[in-house]
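Q: I am sharing my_file_21.cif, which consists of mmCIF, C-alpha atoms:
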data_input
#
loop_
_atom_site.group_PDB
_atom_site.id
_atom_site.type_symbol
_atom_site.label_atom_id
_atom_site.label_comp_id
_atom_site.auth_asym_id
_atom_site.auth_seq_id
_atom_site.Cartn_x
_atom_site.Cartn_y
_atom_site.Cartn_z
ATOM 1 C CA MET A 1 0.000 0.000 0.000
ATOM 2 C CA THR A 2 1.171 3.492 -0.845
ATOM 3 C CA ARG A 3 0.438 6.470 1.406
ATOM 4 C CA TYR A 4 -0.840 9.536 -0.438
ATOM 5 C CA VAL A 5 -1.870 13.081 0.374
ATOM 6 C CA ALA A 6 -4.854 14.555 -1.430
ATOM 7 C CA PHE A 7 -4.590 18.343 -1.497
ATOM 8 C CA LEU A 8 -8.135 19.536 -2.118
ATOM 9 C CA ARG A 9 -9.169 22.919 -3.469
ATOM 10 C CA ALA A 10 -12.378 24.613 -2.280
ATOM 11 C CA ILE A 11 -12.757 22.751 1.017
ATOM 12 C CA ASN A 12 -13.723 25.019 3.923
ATOM 13 C CA VAL A 13 -13.216 28.224 1.942
ATOM 14 C CA GLY A 14 -15.487 30.381 -0.172
ATOM 15 C CA GLY A 15 -18.664 29.437 1.695
ATOM 16 C CA HIS A 16 -18.139 25.681 1.369
ATOM 17 C CA THR A 17 -17.878 23.918 4.717
ATOM 18 C CA VAL A 18 -17.214 20.204 5.022
ATOM 19 C CA LYS A 19 -16.825 18.503 8.380
ATOM 20 C CA MET A 20 -13.637 16.469 8.570
ATOM 21 C CA ASP A 21 -15.427 13.291 9.706
ATOM 22 C CA HIS A 22 -17.659 13.519 6.624
ATOM 23 C CA LEU A 23 -14.631 14.058 4.389
ATOM 24 C CA ARG A 24 -12.879 11.032 5.936
ATOM 25 C CA GLY A 25 -16.017 8.982 5.333
ATOM 26 C CA LEU A 26 -16.069 9.987 1.664
ATOM 27 C CA PHE A 27 -12.483 8.749 1.253
ATOM 28 C CA GLU A 28 -13.226 5.546 3.184
ATOM 29 C CA SER A 29 -16.190 4.866 0.878
ATOM 30 C CA LEU A 30 -13.652 4.738 -1.979
ATOM 31 C CA SER A 31 -12.027 1.780 -0.176
ATOM 32 C CA PHE A 32 -8.969 3.766 0.891
ATOM 33 C CA ALA A 33 -7.287 2.646 4.104
ATOM 34 C CA ASN A 34 -5.949 4.556 7.124
ATOM 35 C CA VAL A 35 -7.733 7.768 6.117
ATOM 36 C CA GLU A 36 -6.882 10.879 8.147
ATOM 37 C CA THR A 37 -7.453 14.568 7.649
ATOM 38 C CA PHE A 38 -4.657 17.003 8.363
ATOM 39 C CA ILE A 39 -5.590 20.570 9.269
ATOM 40 C CA ALA A 40 -9.150 21.475 8.299
ATOM 41 C CA SER A 41 -8.123 22.952 4.967
ATOM 42 C CA GLY A 42 -8.496 20.026 2.601
ATOM 43 C CA ASN A 43 -5.528 17.747 3.226
ATOM 44 C CA VAL A 44 -6.445 14.058 3.345
ATOM 45 C CA ILE A 45 -3.925 11.292 3.941
ATOM 46 C CA PHE A 46 -4.866 7.800 2.808
ATOM 47 C CA GLU A 47 -3.419 4.502 1.647
ATOM 48 C CA THR A 48 -4.264 2.482 -1.440
ATOM 49 C CA LYS A 49 -2.748 -0.136 -3.718
ATOM 50 C CA ASP A 50 -3.474 2.095 -6.726
ATOM 51 C CA LYS A 51 -0.261 3.551 -8.190
ATOM 52 C CA ASP A 52 -1.721 5.981 -10.765
ATOM 53 C CA GLY A 53 -1.913 9.458 -9.220
ATOM 54 C CA ALA A 54 -3.781 11.001 -12.166
ATOM 55 C CA LYS A 55 -6.514 8.345 -11.982
ATOM 56 C CA LEU A 56 -6.758 8.828 -8.221
ATOM 57 C CA GLU A 57 -7.210 12.580 -8.703
ATOM 58 C CA LYS A 58 -10.083 12.049 -11.132
ATOM 59 C CA LYS A 59 -11.697 9.318 -9.004
ATOM 60 C CA ILE A 60 -11.603 11.415 -5.834
ATOM 61 C CA ALA A 61 -12.727 14.646 -7.551
ATOM 62 C CA SER A 62 -15.682 12.885 -9.188
ATOM 63 C CA HIS A 63 -16.737 11.244 -5.915
ATOM 64 C CA LEU A 64 -16.496 14.503 -3.966
ATOM 65 C CA GLU A 65 -18.465 16.451 -6.565
ATOM 66 C CA ALA A 66 -21.214 13.824 -6.570
ATOM 67 C CA ASP A 67 -21.558 14.062 -2.790
ATOM 68 C CA LEU A 68 -20.871 17.745 -2.147
ATOM 69 C CA GLY A 69 -22.572 19.179 -5.220
ATOM 70 C CA TYR A 70 -19.640 21.273 -6.428
ATOM 71 C CA GLY A 71 -16.292 20.659 -8.088
ATOM 72 C CA VAL A 72 -13.326 19.947 -5.835
ATOM 73 C CA ASP A 73 -10.055 20.028 -7.722
ATOM 74 C CA THR A 74 -7.873 17.278 -6.281
ATOM 75 C CA PHE A 75 -4.068 17.113 -6.378
ATOM 76 C CA VAL A 76 -2.504 13.835 -5.229
ATOM 77 C CA ARG A 77 1.106 13.278 -4.141
ATOM 78 C CA THR A 78 2.716 10.388 -2.305
ATOM 79 C CA ILE A 79 4.218 11.105 1.099
ATOM 80 C CA GLN A 80 7.637 10.661 -0.536
ATOM 81 C CA GLU A 81 6.777 13.209 -3.246
ATOM 82 C CA THR A 82 5.543 15.603 -0.557
ATOM 83 C CA ALA A 83 8.843 15.236 1.325
ATOM 84 C CA GLU A 84 10.688 15.948 -1.929
ATOM 85 C CA ILE A 85 8.558 19.077 -2.461
ATOM 86 C CA GLU A 86 9.623 20.255 0.988
ATOM 87 C CA ARG A 87 13.288 19.418 0.366
ATOM 88 C CA ARG A 88 13.600 21.228 -2.957
ATOM 89 C CA CYS A 89 11.883 24.451 -1.888
ATOM 90 C CA PRO A 90 14.153 27.220 -3.226
ATOM 91 C CA PHE A 91 12.962 29.937 -0.832
ATOM 92 C CA GLN A 92 13.594 30.591 2.860
ATOM 93 C CA PRO A 93 11.780 33.391 4.679
ATOM 94 C CA LYS A 94 14.174 36.009 6.046
ATOM 95 C CA LYS A 95 11.702 38.124 8.045
ATOM 96 C CA ASN A 96 8.492 37.392 9.980
ATOM 97 C CA ASP A 97 6.394 38.942 7.199
ATOM 98 C CA ASP A 98 7.965 36.709 4.536
ATOM 99 C CA LEU A 99 5.784 33.758 3.575
ATOM 100 C CA VAL A 100 6.578 30.781 1.362
ATOM 101 C CA TYR A 101 3.804 28.880 -0.392
ATOM 102 C CA VAL A 102 3.624 25.931 -2.751
ATOM 103 C CA ALA A 103 0.975 25.613 -5.448
ATOM 104 C CA PHE A 104 0.142 22.136 -6.697
ATOM 105 C CA LEU A 105 -0.548 21.548 -10.395
ATOM 106 C CA HIS A 106 -1.932 18.508 -12.208
ATOM 107 C CA GLU A 107 0.828 18.646 -14.829
ATOM 108 C CA THR A 108 4.049 20.539 -15.338
ATOM 109 C CA LEU A 109 3.421 24.152 -16.233
ATOM 110 C CA ASN A 110 3.494 24.895 -19.960
ATOM 111 C CA ALA A 111 5.655 27.595 -21.539
ATOM 112 C CA ALA A 112 2.821 30.147 -21.628
ATOM 113 C CA GLY A 113 2.124 29.608 -17.927
ATOM 114 C CA LYS A 114 5.823 29.954 -17.060
ATOM 115 C CA SER A 115 6.052 33.132 -19.107
ATOM 116 C CA ALA A 116 2.984 34.633 -17.402
ATOM 117 C CA LEU A 117 4.417 33.754 -14.000
ATOM 118 C CA THR A 118 7.761 35.342 -14.869
ATOM 119 C CA ALA A 119 5.907 38.500 -15.919
ATOM 120 C CA ALA A 120 4.073 38.522 -12.559
ATOM 121 C CA LYS A 121 7.294 38.613 -10.524
ATOM 122 C CA ASN A 122 7.952 41.844 -8.708
ATOM 123 C CA LYS A 123 9.890 43.087 -5.674
ATOM 124 C CA MET A 124 7.271 41.584 -3.333
ATOM 125 C CA ASN A 125 6.579 38.260 -5.075
ATOM 126 C CA ASP A 126 9.017 35.727 -6.482
ATOM 127 C CA PHE A 127 8.268 32.360 -8.043
ATOM 128 C CA ALA A 128 10.030 29.162 -8.998
ATOM 129 C CA VAL A 129 8.548 26.281 -10.974
ATOM 130 C CA ILE A 130 9.920 22.847 -10.138
ATOM 131 C CA GLY A 131 8.136 19.773 -11.442
ATOM 132 C CA ARG A 132 4.392 20.007 -10.883
ATOM 133 C CA GLU A 133 4.733 22.698 -8.230
ATOM 134 C CA ILE A 134 5.056 26.467 -8.140
ATOM 135 C CA TYR A 135 6.936 27.890 -5.181
ATOM 136 C CA TRP A 136 5.960 31.414 -4.192
ATOM 137 C CA LEU A 137 7.928 33.753 -1.930
ATOM 138 C CA ARG A 138 5.686 36.544 -0.713
ATOM 139 C CA LEU A 139 7.657 39.315 0.977
ATOM 140 C CA ASN A 140 4.782 41.385 2.321
ATOM 141 C CA ARG A 141 1.385 40.048 3.366
ATOM 142 C CA ASP A 142 -0.293 43.380 2.668
ATOM 143 C CA ASP A 143 1.169 44.045 -0.789
ATOM 144 C CA SER A 144 0.404 41.207 -3.150
ATOM 145 C CA LEU A 145 -0.472 41.097 -6.797
ATOM 146 C CA PHE A 146 -2.885 38.300 -5.886
ATOM 147 C CA LEU A 147 -5.226 40.708 -4.205
ATOM 148 C CA LYS A 148 -6.319 41.525 -7.760
ATOM 149 C CA SER A 149 -5.627 38.290 -9.616
ATOM 150 C CA SER A 150 -5.319 34.672 -8.528
ATOM 151 C CA LEU A 151 -2.416 32.397 -9.333
ATOM 152 C CA GLU A 152 -4.805 30.190 -11.323
ATOM 153 C CA LYS A 153 -5.765 33.091 -13.559
ATOM 154 C CA ILE A 154 -2.139 34.026 -14.131
ATOM 155 C CA VAL A 155 -0.932 30.547 -15.139
ATOM 156 C CA LYS A 156 -4.276 29.495 -16.690
ATOM 157 C CA ALA A 157 -4.219 26.126 -14.911
ATOM 158 C CA PRO A 158 -5.985 24.725 -11.857
ATOM 159 C CA VAL A 159 -3.947 24.944 -8.646
ATOM 160 C CA THR A 160 -4.336 24.645 -4.920
ATOM 161 C CA VAL A 161 -1.976 26.509 -2.621
ATOM 162 C CA ARG A 162 -0.544 25.578 0.790
ATOM 163 C CA ILE A 163 1.776 27.503 3.061
ATOM 164 C CA MET A 164 5.098 25.691 3.450
ATOM 165 C CA THR A 165 4.772 25.528 7.237
ATOM 166 C CA SER A 166 1.819 23.152 6.706
ATOM 167 C CA ILE A 167 3.936 21.040 4.339
ATOM 168 C CA HIS A 168 6.720 20.887 6.973
ATOM 169 C CA LYS A 169 4.226 19.710 9.624
ATOM 170 C CA LEU A 170 2.653 17.167 7.292
ATOM 171 C CA VAL A 171 5.999 15.695 6.250
ATOM 172 C CA GLY A 172 7.171 15.616 9.868
ATOM 173 C CA LYS A 173 4.094 13.689 10.945
ATOM 174 C CA TYR A 174 3.864 11.162 8.115
ATOM 175 C CA LYS A 175 7.400 10.688 6.787
#
How does this structure look as C-alpha cells?

A:
Amino acid sequence: MTRYVAFLRAINVGGHTVKMDHLRGLFESLSFANVETFIASGNVIFETKDKDGAKLEKKIASHLEADLGYGVDTFVRTIQETAEIERRCPFQPKKNDDLVYVAFLHETLNAAGKSALTAAKNKMNDFAVIGREIYWLRLNRDDSLFLKSSLEKIVKAPVTVRIMTSIHKLVGKYK
C-alpha cells in the first residue's frame, strides 16, 4: 500500500464547509485505508494499492463532486513526493512577514504559464517552478499582486496553494 496526500481545493473556503469526519467517510467509501485529515483545509492522507496518481485525482474529484454538489479540484502526491517538495523548496523566509507557499498543479506548467508567472514577478513576489509545483515567496502580506488576480488566472491552470509551514508539519508527521 502506498500512502498519499490529497490536497483539495475549495474545502472550507469560499462558503463551502465540510466537516472532517464527513470528508474522511467519503475517502473511506472509496475503499482507501488509514484515512486521516490534516488541518481542516483540505488535506487528506490515505493509503491504497493504486499507483496511478492522475486516476486517483479524477476518481476522488468525481466522488467529492457527486456528494458535495460542487467541483473539488484534487491534487494527489505520495508522502515521498511531498517530502521531496519540501526538500527542494528554493525559498527561505528572512523576516516574519515573509511567507513561502507551494501551489500544486496537475501537470508541469506549460511555456505560456511559465512566461505569465515570470511577468508577474515583482519586488514583493518571487516564483520558482519545479516539477508540478510552483513555489511562491511573498515578501509582504499586505502588498500582493494576488489581491487583484489569482495564481490560477495568471498561469491558466488549476492549482491549490498551501503555506510551506503546513507542508513541513505534514511531512514531519507522516514521513

Q: Go through A:Gly131, A:Leu26, A:His106, A:Glu84 and flag the residue nearest Lys55 in chain A, using only C-alpha atoms for the distances.

A: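 Once distances to Lys55 in chain A are computed over only C-alpha atoms, the minimum belongs to A:His106.
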
Q: With all atoms listed in the file as the atoms that count, which of A:Arg87, A:Arg3, A:Arg132, A:Lys156 lies nearest to Asn34 in chain A?

A: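 Smallest distance to Asn34 in chain A is found for A:Arg3.
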
Q: Which one of A:Gly53, A:Gly71, A:Pro158, A:Pro90 sits closest to Gly113 in chain A if you count only C-alpha atoms?

A: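 Looking at the shortest contact to Gly113 in chain A, the residue is A:Pro158.
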
Q: Report the residues retrieved by the PyMOL selection byres ((chain A and resi 8) around 8) from the displayed file, expressed as a PyMOL selection string.

A: chain A and resi 6-7+9-11+41-44+72-75+160

Q: What does the structure give for the distance between CA of Ile85 in chain A and CA of Lys51 in chain A, in Å to one decimal?

A: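 Between CA of Ile85 in chain A and CA of Lys51 in chain A the gap is 18.8 Å.
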
Q: Just give me the gap between CA of Met1 in chain A and CA of Thr48 in chain A in Å, one decimal is fine.

A: 5.1 Å

Q: Rounded to one decimal place, report the CA of Lys58 in chain A-CA of Val100 in chain A distance in Å.

A: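 Interatomic distance here is 28.0 Å.
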
Q: Going by the chain IDs and residue numbers used in this file, which residues fall under the PyMOL selection byres ((chain A and resi 136) around 12)? Write them as a ChimeraX atom specification.

A: /A:89-93,98-104,117-118,120-122,124-130,133-135,137-140,144-146,151,161-164

Q: Apply the PyMOL selection byres ((chain A and resi 28) around 12) to the displayed file and report the matching residues as a VMD selection string.

A: chain A and resid 21 to 27 29 to 37 44 to 48 60 63 to 64

Q: How would range 101-129 of chain A look written as a compact mmCIF listing (two decimals), in the first residue's frame with N, CA, C and O atoms?

A:
# COMPACT_ATOMS: atom_id res chain seq x y z
N TYR A 101 4.93 29.75 -0.05
CA TYR A 101 3.80 28.88 -0.39
C TYR A 101 4.24 27.90 -1.48
O TYR A 101 5.20 28.15 -2.20
N VAL A 102 3.46 26.84 -1.62
CA VAL A 102 3.62 25.93 -2.75
C VAL A 102 2.25 25.74 -3.38
O VAL A 102 1.25 25.57 -2.68
N ALA A 103 2.21 25.84 -4.69
CA ALA A 103 0.97 25.61 -5.45
C ALA A 103 1.12 24.29 -6.19
O ALA A 103 2.12 24.06 -6.87
N PHE A 104 0.13 23.44 -6.04
CA PHE A 104 0.14 22.14 -6.70
C PHE A 104 -0.58 22.23 -8.03
O PHE A 104 -1.64 22.85 -8.14
N LEU A 105 0.01 21.61 -9.04
CA LEU A 105 -0.55 21.55 -10.40
C LEU A 105 -0.83 20.09 -10.75
O LEU A 105 -0.23 19.18 -10.18
N HIS A 106 -1.71 19.87 -11.72
CA HIS A 106 -1.93 18.51 -12.21
C HIS A 106 -0.77 18.03 -13.08
O HIS A 106 -0.41 16.87 -13.06
N GLU A 107 -0.26 18.95 -13.88
CA GLU A 107 0.83 18.65 -14.83
C GLU A 107 1.88 19.74 -14.73
O GLU A 107 1.62 20.80 -14.16
N THR A 108 3.03 19.49 -15.32
CA THR A 108 4.05 20.54 -15.34
C THR A 108 3.50 21.75 -16.08
O THR A 108 2.71 21.62 -17.02
N LEU A 109 3.91 22.91 -15.66
CA LEU A 109 3.42 24.15 -16.23
C LEU A 109 3.96 24.33 -17.65
O LEU A 109 5.14 24.14 -17.89
N ASN A 110 3.08 24.70 -18.56
CA ASN A 110 3.49 24.89 -19.96
C ASN A 110 4.26 26.21 -20.11
O ASN A 110 4.34 27.03 -19.19
N ALA A 111 4.82 26.42 -21.28
CA ALA A 111 5.66 27.60 -21.54
C ALA A 111 4.88 28.90 -21.34
O ALA A 111 5.41 29.87 -20.79
N ALA A 112 3.63 28.93 -21.78
CA ALA A 112 2.82 30.15 -21.63
C ALA A 112 2.59 30.45 -20.15
O ALA A 112 2.66 31.61 -19.72
N GLY A 113 2.32 29.42 -19.36
CA GLY A 113 2.12 29.61 -17.93
C GLY A 113 3.39 30.09 -17.24
O GLY A 113 3.35 30.98 -16.39
N LYS A 114 4.54 29.51 -17.63
CA LYS A 114 5.82 29.95 -17.06
C LYS A 114 6.11 31.41 -17.42
O LYS A 114 6.58 32.19 -16.59
N SER A 115 5.82 31.77 -18.65
CA SER A 115 6.05 33.13 -19.11
C SER A 115 5.17 34.12 -18.34
O SER A 115 5.64 35.18 -17.91
N ALA A 116 3.91 33.77 -18.14
CA ALA A 116 2.98 34.63 -17.40
C ALA A 116 3.43 34.78 -15.95
O ALA A 116 3.35 35.87 -15.37
N LEU A 117 3.94 33.71 -15.38
CA LEU A 117 4.42 33.75 -14.00
C LEU A 117 5.66 34.63 -13.88
O LEU A 117 5.79 35.43 -12.95
N THR A 118 6.56 34.50 -14.84
CA THR A 118 7.76 35.34 -14.87
C THR A 118 7.36 36.81 -14.96
O THR A 118 7.94 37.66 -14.28
N ALA A 119 6.37 37.12 -15.77
CA ALA A 119 5.91 38.50 -15.92
C ALA A 119 5.26 39.03 -14.63
O ALA A 119 5.24 40.24 -14.39
N ALA A 120 4.74 38.12 -13.80
CA ALA A 120 4.07 38.52 -12.56
C ALA A 120 5.05 38.79 -11.41
O ALA A 120 4.67 39.37 -10.40
N LYS A 121 6.30 38.38 -11.58
CA LYS A 121 7.29 38.61 -10.52
C LYS A 121 7.46 40.10 -10.30
O LYS A 121 7.43 40.89 -11.24
N ASN A 122 7.66 40.46 -9.05
CA ASN A 122 7.95 41.84 -8.71
C ASN A 122 8.77 41.86 -7.42
O ASN A 122 9.17 40.79 -6.94
N LYS A 123 9.02 43.02 -6.85
CA LYS A 123 9.89 43.09 -5.67
C LYS A 123 9.25 42.44 -4.44
O LYS A 123 9.95 42.15 -3.48
N MET A 124 7.97 42.18 -4.48
CA MET A 124 7.27 41.58 -3.33
C MET A 124 6.92 40.11 -3.54
O MET A 124 6.54 39.44 -2.59
N ASN A 125 6.99 39.63 -4.77
CA ASN A 125 6.58 38.26 -5.08
C ASN A 125 7.58 37.61 -6.03
O ASN A 125 7.84 38.14 -7.09
N ASP A 126 8.10 36.47 -5.62
CA ASP A 126 9.02 35.73 -6.48
C ASP A 126 8.48 34.31 -6.62
O ASP A 126 7.80 33.80 -5.72
N PHE A 127 8.79 33.69 -7.74
CA PHE A 127 8.27 32.36 -8.04
C PHE A 127 9.36 31.47 -8.60
O PHE A 127 10.30 31.94 -9.23
N ALA A 128 9.18 30.17 -8.38
CA ALA A 128 10.03 29.16 -9.00
C ALA A 128 9.14 27.98 -9.35
O ALA A 128 8.28 27.58 -8.55
N VAL A 129 9.31 27.45 -10.54
CA VAL A 129 8.55 26.28 -10.97
C VAL A 129 9.49 25.09 -10.97
O VAL A 129 10.53 25.11 -11.63
